[in-house]
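Since the structure comes first, as structure tokens, the remarks are kept for the end.
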Amino acid sequence: MSRLVRMDRTGHTTLAEWTSGDEGSVQDAVDAFRRELDRGFFGVVTTGPGKAEMVRELPVDAELVIMRQPISGG
Amino acid sequence: MLRRHGWLWTLTMVAHTVPFLVAAGGMVLLEPLAFPVSLAAVAHAWIIPELYAQRGANVVRPKRRRGAPPAEEPDRIALGLLGDLLDHETRTMMHRTGLVLERGTLGVWVVGEAGALLVHPGGRRVHCWCVRVDDPDLPAGDRIAHLLLALRADEEGFATVANQAFAGARWRVRRRLAAHQRPALEAAAKG
């Protein structure tokens, strides 16, 4: 089971869960992912120890996709 | 780029301190009775780099929240997610110091809630970067996770977005960190 989570003031919120064989759940996750992108969030997946990648499309085979907000210089 | 920034900071420190030291020496040579004033000039030469180092160390200082204290549950959940992104050793260090160590191509990063320290290879120089996610209501763990994921995805972009608060000797920054945070900087210096 893969998860799409958004880091927010609750700690994090699970936006969608899907399995790659279940087209309905995948589509729900894709829609949720796009909604977050439209809100200005970035999608990030871990690609190995100490490695992460920003994604513009939901990687269906990823176990965990995290939505984060932009960062800026303080 | 980092090397150049480091040299610029060194030059800045020299430009701030040498005139005071020269003035202090000159005053004593010209008039020994001016010794107290020359002492004040030496104090200025000493305190200016310390103030800059304090500014640098402040980037990883835990942020005080305005208003009511943060709820425990979101903090716990956020720390859980952050812990999932770390290996065992780094997670232990995070619980101990509140800071996350991350090895990158530019050096070893020490990531806090609102900034990061980059320990240059060799461990002598530290670059202090002020960078944050602009949501005051995020739990501390989420703030660190935001910075960590941004750093992992694009290390050079992270250093470009961040504002450099200070770059200088590790010992100078170390003295300005809270005691519980110092082991993170020492571990970063060991690579």
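Residue names in the structure tokens use chain letters A, B, ... in the order shown, residue numbers from 1 in each chain, and ligand numbers from 1 in the order shown.
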Would you pick out the contacts of range 6-19 of chain A at 10 Å or less, using only C-alpha atoms, so that residues sharing its chain but fewer than 5 positions from it are not included, and give the list as JSON, numbers by chain? {"A": [1, 24, 25, 26, 27, 28, 29, 30, 31, 32, 33, 36, 41, 42, 43, 60, 61, 62, 63, 64, 65, 66, 67, 68, 69], "B": [70, 71, 72, 73, 74, 75, 76, 77, 78, 79, 80, 81, 82, 135, 136, 137, 138, 139, 140, 141, 142, 143, 145, 146]}
Would you please give, as a list in words, all residues of chain A that DSSP assigns to alpha helix (DSSP H) based on the backbone?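 Of chain A, only Glu23, Gly24, Ser25, Val26, Gln27, Asp28, Ala29, Val30, Asp31, Ala32, Phe33, Arg34, Arg35, Glu36, Leu37 and Asp38 of chain A fall in alpha helix (DSSP H).
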Selection from above, C-alpha atoms, as a PDB file, in the first residue's frame, can you write it?
```
ATOM      1  CA  GLU A  23      -7.028   1.956 -10.800  1.00  0.00           C
ATOM      2  CA  GLY A  24      -9.668   3.734  -8.742  1.00  0.00           C
ATOM      3  CA  SER A  25      -7.376   4.313  -5.787  1.00  0.00           C
ATOM      4  CA  VAL A  26      -4.535   5.352  -8.115  1.00  0.00           C
ATOM      5  CA  GLN A  27      -6.762   7.922  -9.802  1.00  0.00           C
ATOM      6  CA  ASP A  28      -7.872   9.302  -6.428  1.00  0.00           C
ATOM      7  CA  ALA A  29      -4.221   9.627  -5.426  1.00  0.00           C
ATOM      8  CA  VAL A  30      -3.293  11.316  -8.709  1.00  0.00           C
ATOM      9  CA  ASP A  31      -6.131  13.805  -8.227  1.00  0.00           C
ATOM     10  CA  ALA A  32      -5.078  14.499  -4.636  1.00  0.00           C
ATOM     11  CA  PHE A  33      -1.467  14.942  -5.745  1.00  0.00           C
ATOM     12  CA  ARG A  34      -2.453  17.456  -8.427  1.00  0.00           C
ATOM     13  CA  ARG A  35      -4.617  19.395  -5.989  1.00  0.00           C
ATOM     14  CA  GLU A  36      -1.623  19.800  -3.686  1.00  0.00           C
ATOM     15  CA  LEU A  37       0.613  20.886  -6.554  1.00  0.00           C
ATOM     16  CA  ASP A  38      -1.993  23.514  -7.459  1.00  0.00           C
TER      17      ASP A  38
END
```
Query raised in the report: Among chain A, which residues carry a DSSP assignment of strand (DSSP E), reported as JSON, numbers by chain?
Result: {"A": [2, 3, 4, 5, 6, 13, 14, 15, 16, 17, 18, 42, 43, 44, 45, 46, 47, 48, 51, 52, 53, 54, 55, 64, 65, 66, 67, 68, 71, 72, 73]}
Can you build me a table of chain A residues sitting at most 9 Å from range 84-95 of chain B, with the closest atom pair per residue and its distance in Å to one decimal, using only C-alpha atoms, sorted by chain and residue number, as JSON lines?
```
{"residue": "A:Thr46", "atom": "CA", "partner": "B:Leu85", "partner_atom": "CA", "distance": 8.2}
{"residue": "A:Pro49", "atom": "CA", "partner": "B:Asp87", "partner_atom": "CA", "distance": 8.1}
{"residue": "A:Gly50", "atom": "CA", "partner": "B:Leu86", "partner_atom": "CA", "distance": 8.0}
```
Sorted by chain and rising residue number, list the residues of range 101-143 of chain B at most 12 Å from range 161-182 of chain B (counting only C-alpha atoms), each with its closest atom pair and distance in Å to one decimal, as a Markdown table.
```
| residue | atom | partner | partner_atom | distance |
| --- | --- | --- | --- | --- |
| B:Leu101 | CA | B:Gln181 | CA | 11.4 |
| B:Val110 | CA | B:Gln181 | CA | 9.8 |
| B:Val111 | CA | B:Gln181 | CA | 11.0 |
| B:Gly112 | CA | B:Gln181 | CA | 9.9 |
| B:Ala114 | CA | B:Ala162 | CA | 10.1 |
| B:Gly115 | CA | B:Ala162 | CA | 8.0 |
| B:Ala116 | CA | B:Ala162 | CA | 9.0 |
| B:Leu117 | CA | B:Ala167 | CA | 9.2 |
| B:Leu118 | CA | B:Ala167 | CA | 9.1 |
| B:Val119 | CA | B:Arg170 | CA | 7.9 |
| B:His120 | CA | B:Arg170 | CA | 9.4 |
| B:Pro121 | CA | B:Arg170 | CA | 11.7 |
| B:Gly122 | CA | B:Arg170 | CA | 10.6 |
| B:Gly123 | CA | B:Arg170 | CA | 7.2 |
| B:Arg124 | CA | B:Arg170 | CA | 5.4 |
| B:Arg125 | CA | B:Ala169 | CA | 4.7 |
| B:Val126 | CA | B:Arg170 | CA | 5.4 |
| B:His127 | CA | B:Ala167 | CA | 4.2 |
| B:Cys128 | CA | B:Phe166 | CA | 5.2 |
| B:Trp129 | CA | B:Gln164 | CA | 4.5 |
| B:Cys130 | CA | B:Asn163 | CA | 5.1 |
| B:Val131 | CA | B:Ala162 | CA | 4.8 |
| B:Arg132 | CA | B:Ala162 | CA | 8.2 |
| B:Val133 | CA | B:Ala162 | CA | 10.9 |
```
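Between CA of Ala52 in chain A and CA of Thr97 in chain B the interatomic distance comes to 23.7 Å.
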Check your understanding: Quick one: of B:Val60, B:Ala23, B:Ala153, B:Leu2, who's nearest to chain A, counting only C-alpha atoms?
Key ->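 Of B:Val60, B:Ala23, B:Ala153, B:Leu2, the one nearest chain A, counting only C-alpha atoms, is B:Ala153.
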Shortest interatomic distance to chain A - which of B:Leu149, B:Leu30, B:Leu11, B:Val37, counting only C-alpha atoms
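With only C-alpha atoms as the atom set, the closest residue is B:Leu149.
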Would you list the contacts of range 25-29 of chain B as a PDB file with C-alpha atoms, in the first residue's frame, taking every protein, DNA or RNA residue within 12 Å and counting only C-alpha atoms, but skipping same-chain residues closer than 6 positions in sequence?
```
ATOM      1  CA  VAL B  18      42.323  44.881  12.309  1.00  0.00           C
ATOM      2  CA  PRO B  19      41.492  48.623  12.408  1.00  0.00           C
ATOM      3  CA  PHE B  35      45.705  52.248  27.711  1.00  0.00           C
ATOM      4  CA  PRO B  36      42.069  51.975  28.950  1.00  0.00           C
ATOM      5  CA  VAL B  37      40.776  53.318  25.632  1.00  0.00           C
ATOM      6  CA  SER B  38      42.989  50.899  23.719  1.00  0.00           C
ATOM      7  CA  LEU B  39      41.562  48.075  25.832  1.00  0.00           C
ATOM      8  CA  ALA B  40      38.085  49.135  24.709  1.00  0.00           C
ATOM      9  CA  ALA B  41      39.272  49.001  21.084  1.00  0.00           C
ATOM     10  CA  VAL B  42      40.648  45.473  21.610  1.00  0.00           C
TER      11      VAL B  42
END
```
Between CA of Ala45 in chain B and CA of Phe20 in chain B lies a distance of 5.6 Å
